[in-house]
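Colleague: The following file, start21.txt, comprises compact mmCIF, C-alpha atoms:
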# COMPACT_ATOMS: atom_id res chain seq x y z
CA MET H 1 16.11 41.71 6.98
CA ASN H 2 13.30 43.84 8.49
CA GLU H 3 10.64 41.75 6.71
CA ILE H 4 12.13 38.55 8.13
CA LYS H 5 12.22 39.98 11.65
CA TYR H 6 8.60 41.12 11.37
CA TYR H 7 7.60 37.72 9.99
CA HIS H 8 9.03 35.85 12.98
CA GLU H 9 7.98 38.33 15.65
CA ASN H 10 4.36 38.04 14.52
CA MET H 11 4.34 34.24 14.38
CA ASN H 12 2.40 32.28 17.01
CA SER H 13 4.25 30.01 19.44
CA LYS H 14 3.40 26.75 17.67
CA ASN H 15 4.82 27.95 14.36
CA LYS H 16 7.93 29.33 16.09
CA HIS H 17 8.54 26.04 17.86
CA LEU H 18 8.49 24.08 14.59
CA ARG H 19 11.17 26.26 13.03
CA LYS H 20 14.50 25.03 14.34
CA ASN H 21 16.35 28.05 12.99
CA ILE H 22 15.49 31.48 11.65
CA LEU H 23 17.48 33.53 9.19
CA ASN H 24 19.27 36.03 11.39
CA SER H 25 23.01 35.94 10.71
CA LYS H 26 25.48 36.28 7.85
CA GLU H 27 27.01 32.89 8.59
CA GLN H 28 23.79 31.26 7.38
CA ILE H 29 24.19 32.80 3.91
CA TYR H 30 25.73 30.63 1.20
CA LYS H 31 28.13 32.30 -1.24
CA PRO H 32 28.02 30.63 -4.67
CA SER H 33 31.28 29.70 -6.34
CA ILE H 34 32.37 31.66 -9.40
CA ILE H 35 31.14 28.86 -11.66
CA GLN H 36 27.79 28.70 -9.86
CA HIS H 37 27.45 32.46 -10.09
CA LEU H 38 28.07 32.45 -13.85
CA GLN H 39 25.68 29.55 -14.37
CA PHE H 40 23.03 31.37 -12.37
CA LYS H 41 23.43 34.57 -14.41
CA LYS H 42 22.99 32.51 -17.58
CA LEU H 43 19.88 30.90 -16.09
CA LEU H 44 18.37 34.30 -15.22
CA PHE H 45 18.96 35.46 -18.81
CA LYS H 46 16.94 32.47 -20.02
CA VAL H 47 14.13 33.06 -17.50
CA ASN H 48 13.96 36.75 -18.44
CA GLY H 49 13.36 35.69 -22.03
CA ILE H 50 10.44 33.54 -20.91
CA LEU H 51 8.96 36.38 -18.81
CA SER H 52 9.52 39.17 -21.33
CA LYS H 53 5.84 39.32 -22.45
CA TYR H 54 4.59 39.81 -18.87
CA LYS H 55 5.23 43.47 -18.09
CA LEU H 56 4.96 43.50 -14.29
CA LEU H 57 6.68 40.16 -13.76
CA TYR H 58 9.51 41.03 -16.12
CA SER H 59 10.10 44.45 -14.55
CA ILE H 60 10.69 43.09 -11.04
CA PRO H 61 14.46 43.05 -10.37
CA TRP H 62 16.00 39.73 -9.41
CA ASN H 63 17.02 39.75 -5.76
CA VAL H 64 18.08 36.23 -4.79
CA THR H 65 19.83 35.02 -1.65
CA PHE H 66 21.10 31.49 -1.04
CA ILE H 67 21.06 29.92 2.42
CA LYS H 68 23.23 27.09 3.70
CA LYS H 69 20.99 24.04 3.59
CA GLU H 70 22.18 22.67 6.93
CA TYR H 71 20.31 25.45 8.75
CA LEU H 72 16.94 24.19 7.45
CA ILE H 73 15.53 27.71 7.17
CA GLU H 74 11.80 27.27 6.41
CA ASN H 75 12.59 23.54 6.13
CA ASN H 76 14.64 24.39 3.01
CA PHE H 77 11.51 25.36 1.12
CA PRO H 78 12.18 28.14 -1.41
CA HIS H 79 10.38 31.25 -0.18
CA THR H 80 10.28 35.03 -0.27
CA HIS H 81 10.42 37.96 2.13
CA GLY H 82 9.87 41.45 0.76
CA ASP H 83 11.45 41.60 -2.69
CA THR H 84 13.96 38.82 -1.98
CA ILE H 85 13.80 35.18 -3.07
CA TYR H 86 15.53 32.69 -0.76
CA PHE H 87 16.79 29.34 -1.97
CA PRO H 88 18.70 26.66 -0.07
CA SER H 89 22.20 26.01 -1.40
CA SER H 90 20.93 22.66 -2.73
CA PHE H 91 19.32 24.72 -5.53
CA PHE H 92 22.55 24.40 -7.51
CA GLY H 93 22.23 20.62 -7.63
CA LEU H 94 18.81 20.69 -9.29
CA GLY H 95 18.09 20.19 -12.98
CA GLU H 96 17.62 23.24 -15.17
CA LYS H 97 13.87 22.78 -15.67
CA ILE H 98 13.23 22.63 -11.93
CA LYS H 99 15.41 25.72 -11.39
CA ILE H 100 13.46 27.65 -14.02
CA ASP H 101 10.13 26.57 -12.50
CA LEU H 102 11.28 27.64 -9.02
CA LEU H 103 12.56 31.02 -10.19
CA ILE H 104 9.30 31.84 -11.96
CA HIS H 105 7.18 30.52 -9.08
CA GLU H 106 9.00 32.58 -6.47
CA LYS H 107 9.07 35.70 -8.64
CA ILE H 108 5.29 35.40 -8.91
CA HIS H 109 5.15 35.57 -5.11
CA VAL H 110 7.13 38.84 -5.21
CA TYR H 111 4.72 40.12 -7.88
CA GLN H 112 1.76 39.20 -5.63
CA ARG H 113 3.26 41.19 -2.77
CA TYR H 114 4.25 44.33 -4.71
CA ASN H 115 1.31 44.53 -7.12
CA PRO H 116 -1.66 43.93 -4.78
CA ILE H 117 -4.18 45.83 -6.91
CA GLU H 118 -3.47 43.91 -10.12
CA TYR H 119 -3.16 40.62 -8.27
CA ASN H 120 -6.41 41.02 -6.34
CA LYS H 121 -8.19 42.01 -9.54
CA LEU H 122 -6.95 38.73 -10.99
CA LEU H 123 -8.36 36.81 -8.03
CA LEU H 124 -11.64 38.70 -7.66
CA ASN H 125 -12.46 39.65 -11.26
CA TYR H 126 -11.02 36.75 -13.26
CA PHE H 127 -11.33 33.83 -10.82
CA ASP H 128 -14.43 35.24 -9.05
CA LEU H 129 -13.00 34.70 -5.57
CA GLU H 130 -14.22 36.60 -2.52
CA ILE H 131 -12.42 37.77 0.61
CA GLU H 132 -13.91 35.56 3.30
CA ASN H 133 -11.97 36.45 6.43
CA THR H 134 -8.53 37.16 7.84
CA VAL H 135 -6.29 34.51 9.41
CA SER H 136 -6.21 36.41 12.72
CA ASN H 137 -10.01 36.19 13.00
CA HIS H 138 -10.34 32.53 12.06
CA PRO H 139 -11.34 30.01 14.79
CA ASP H 140 -8.39 27.77 13.87
CA LYS H 141 -5.85 30.60 13.74
CA ASP H 142 -3.51 29.00 16.32
CA ASN H 143 -3.13 25.84 14.23
CA ILE H 144 -2.65 27.35 10.77
CA ARG H 145 0.81 26.75 9.33
CA VAL H 146 2.48 30.07 8.53
CA ASN H 147 3.83 30.52 5.01
CA PRO H 148 5.89 33.63 4.16
CA ASP H 149 4.58 33.57 0.57
CA VAL H 150 0.90 34.06 1.42
CA ASN H 151 -0.95 37.05 2.80
CA LYS H 152 -3.20 37.29 5.83
CA LEU H 153 -6.43 37.11 3.86
CA ILE H 154 -8.63 34.06 3.44
CA TYR H 155 -10.17 33.95 -0.04
CA SER H 156 -13.15 31.76 -0.80
CA ASP H 157 -14.59 30.23 -3.95
CA LYS H 158 -18.36 30.47 -3.46
CA GLY H 159 -17.70 30.16 0.27
CA GLU H 160 -15.26 27.25 0.00
CA TYR H 161 -11.65 27.63 1.08
CA ARG H 162 -8.85 25.51 2.52
CA LEU H 163 -6.22 26.06 5.18
CA PRO H 164 -3.01 24.18 6.10
CA ILE H 165 -3.71 22.94 9.62
CA LEU H 166 -0.72 21.66 11.57
CA ASN H 167 -1.08 18.06 12.68
CA LYS H 168 -1.68 17.58 16.40
CA ASN H 169 1.83 16.30 17.20
CA ALA H 170 3.63 17.98 14.30
CA GLN H 171 7.42 18.01 14.55
CA ASP H 172 7.97 19.83 11.29
CA ILE H 173 6.24 22.58 9.27
CA SER H 174 5.58 20.08 6.48
CA GLU H 175 3.28 18.07 8.78
CA VAL H 176 -0.06 19.61 7.87
CA SER H 177 -3.49 18.52 6.70
CA TYR H 178 -5.38 20.65 4.21
CA GLN H 179 -8.74 21.35 5.80
CA VAL H 180 -11.56 22.30 3.43
CA TYR H 181 -14.22 24.62 4.84
CA ASN H 182 -17.74 25.03 3.44
CA PRO H 183 -17.20 22.50 0.63
CA HIS H 184 -19.51 22.56 -2.38
CA ASP H 185 -19.82 20.65 -5.65
CA SER H 186 -20.04 23.65 -7.97
CA ILE H 187 -17.66 23.72 -10.92
CA THR H 188 -15.97 27.12 -10.96
CA LYS H 189 -13.10 28.68 -12.87
CA TYR H 190 -10.94 28.40 -9.76
CA SER H 191 -11.89 24.81 -8.93
CA LYS H 192 -10.82 23.71 -12.42
CA ILE H 193 -7.18 24.33 -11.55
CA PRO H 194 -5.21 22.38 -8.89
CA VAL H 195 -6.09 24.20 -5.66
CA ASN H 196 -3.36 24.59 -3.04
CA GLU H 197 -3.37 25.91 0.54
CA HIS H 198 -3.95 29.55 -0.50
CA PRO H 199 -4.58 31.38 -3.78
CA ASN H 200 -1.02 32.77 -3.64
CA GLU H 201 0.29 29.23 -3.99
CA THR H 202 -2.46 28.01 -6.32
CA ILE H 203 -1.90 30.88 -8.73
CA ALA H 204 1.90 30.65 -8.52
CA TYR H 205 1.82 26.97 -9.54
CA TYR H 206 -0.83 27.58 -12.21
CA LEU H 207 0.91 30.55 -13.78
CA THR H 208 4.34 28.93 -13.69
CA GLU H 209 3.07 25.91 -15.59
CA ASN H 210 1.26 27.99 -18.20
CA ILE H 211 4.03 30.56 -18.59
CA ILE H 212 6.46 27.73 -19.35
CA LYS H 213 3.98 26.37 -21.93
CA ASN H 214 3.32 29.88 -23.29
CA ASN H 215 -0.35 29.19 -22.66
CA VAL H 216 -1.52 32.06 -20.44
CA ASP H 217 -4.99 33.42 -21.16
CA ASP H 218 -4.94 36.97 -22.57
CA ASP H 219 -7.42 37.99 -19.88
CA ILE H 220 -4.81 36.99 -17.30
CA ILE H 221 -1.82 38.52 -19.08
CA LYS H 222 -3.26 42.02 -18.64
CA TYR H 223 -2.81 41.65 -14.87
CA LEU H 224 0.79 40.44 -15.16
Kindly transcribe the structure held in the file into structure tokens.
Modeller:
Amino acid sequence: MNEIKYYHENMNSKNKHLRKNILNSKEQIYKPSIIQHLQFKKLLFKVNGILSKYKLLYSIPWNVTFIKKEYLIENNFPHTHGDTIYFPSSFFGLGEKIKIDLLIHEKIHVYQRYNPIEYNKLLLNYFDLEIENTVSNHPDKDNIRVNPDVNKLIYSDKGEYRLPILNKNAQDISEVSYQVYNPHDSITKYSKIPVNEHPNETIAYYLTENIIKNNVDDDIIKYL
């Protein structure tokens, strides 16, 4: 839980206010039923088969915790801290395809955190991104929505980047507008894929989709 404590202690007041609860007690943890546990083990076996060709992704141990959905931890968004993936208990009511997508997506976030050299080579060498700034030095730092799955770096694509800016009277962490800074019309390798709030999210969505389709570029596989 040290990562979670650090995450909340270093959050600005606006982001803290919008989180009704934080994960800080055992009573918030959901214990799957025996049937759910067995179904989940079977699901992980299937996902491992899909990830078997990606050395770093495959080698990361599964460390998954379920949270009671009524606590609205991170607004019930799946997320990670350290090497642990957190899902709301509503995960068990989802269809198999969505579960597989979520497991791969969140495991990619763990990969991003624990393999920073390979991951940053992917961003800088393959997608030609640059490190533009840090969140703490950005003029809009007090209004940027915090996401546990992204790092503190701002990456740009030929100077262009986007940030999730909390709406003026936001009541919820989902109430954001994606502000684009230094926009340009250049067609780049990165701009050709659906761009999200941060490369950590953009790449997680992109890789998940292409891993499922078994359509990952060989020049990307070497980083995974």
Colleague: Set the distance at 8 Å and use only C-alpha atoms: which residues neighbour stretch 110-122 of chain H once local chain neighbours fewer than 5 positions away are removed? I'd like the list as a list in words.
Modeller: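 Counting only C-alpha atoms, the residues come to Leu56, Leu57, Ile60, Thr80, Gly82, Asp83, Thr84, Ile85, Phe127, Asn200, Ile220, Tyr223 and Leu224 of chain H.
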Colleague: Can you tell me, as a list in words, what residues are no more than 12 Å from H:Tyr205 when counting all atoms listed in the file, ignoring any on the same chain fewer than 2 positions away?
Modeller: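 The neighbour list is Asp101, Leu102, Leu103, Ile104, His105, Glu106, Lys107, Ile108, His109, Ile193, Pro194, Val195, Asn196, Glu197, His198, Pro199, Asn200, Glu201, Thr202, Ile203, Leu207, Thr208, Glu209, Asn210, Ile211 and Ile212 of chain H.
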Colleague: Please provide as a PyMOL selection string all residues within 12 Å of H:Leu44, with the sequence filter that same-chain residues fewer than 2 positions apart are discarded (counting only C-alpha atoms).
Modeller: chain H and resi 37-42+46-52+58+61-64+96+99-104+107
Colleague: Smallest atom-to-atom distance to H:Asn12: which of H:Ile187, H:Ile144, H:Ile221, H:Ile173, using only C-alpha atoms?
Modeller: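 So, comparing all the options, the nearest one is H:Ile144.
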Colleague: Would you compute the distance between atom CA of H:Thr188 and atom CA of H:Ser136? Give it in Å to one decimal.
Modeller: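 Atom-to-atom, atom CA of H:Thr188 to atom CA of H:Ser136, that is 27.2 Å.
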Colleague: For H:Asn24, please output as a list in words all residues within 10 Å (counting all atoms listed in the file; exclusion window: fewer than 4 positions along the same chain).
Modeller: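 With the cut-off at 10 Å, the set is Met1, Ile4, Lys5, Gln28 and Ile29 of chain H.
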Colleague: Given the selection you just returned, output its residues as a file containing C-alpha atoms, formatted as a PDB file, keeping the file's coordinate frame.
Modeller:
ATOM      1  CA  MET H   1      16.110  41.710   6.980  1.00  0.00           C
ATOM      2  CA  ILE H   4      12.130  38.550   8.130  1.00  0.00           C
ATOM      3  CA  LYS H   5      12.220  39.980  11.650  1.00  0.00           C
ATOM      4  CA  GLN H  28      23.790  31.260   7.380  1.00  0.00           C
ATOM      5  CA  ILE H  29      24.190  32.800   3.910  1.00  0.00           C
TER       6      ILE H  29
END
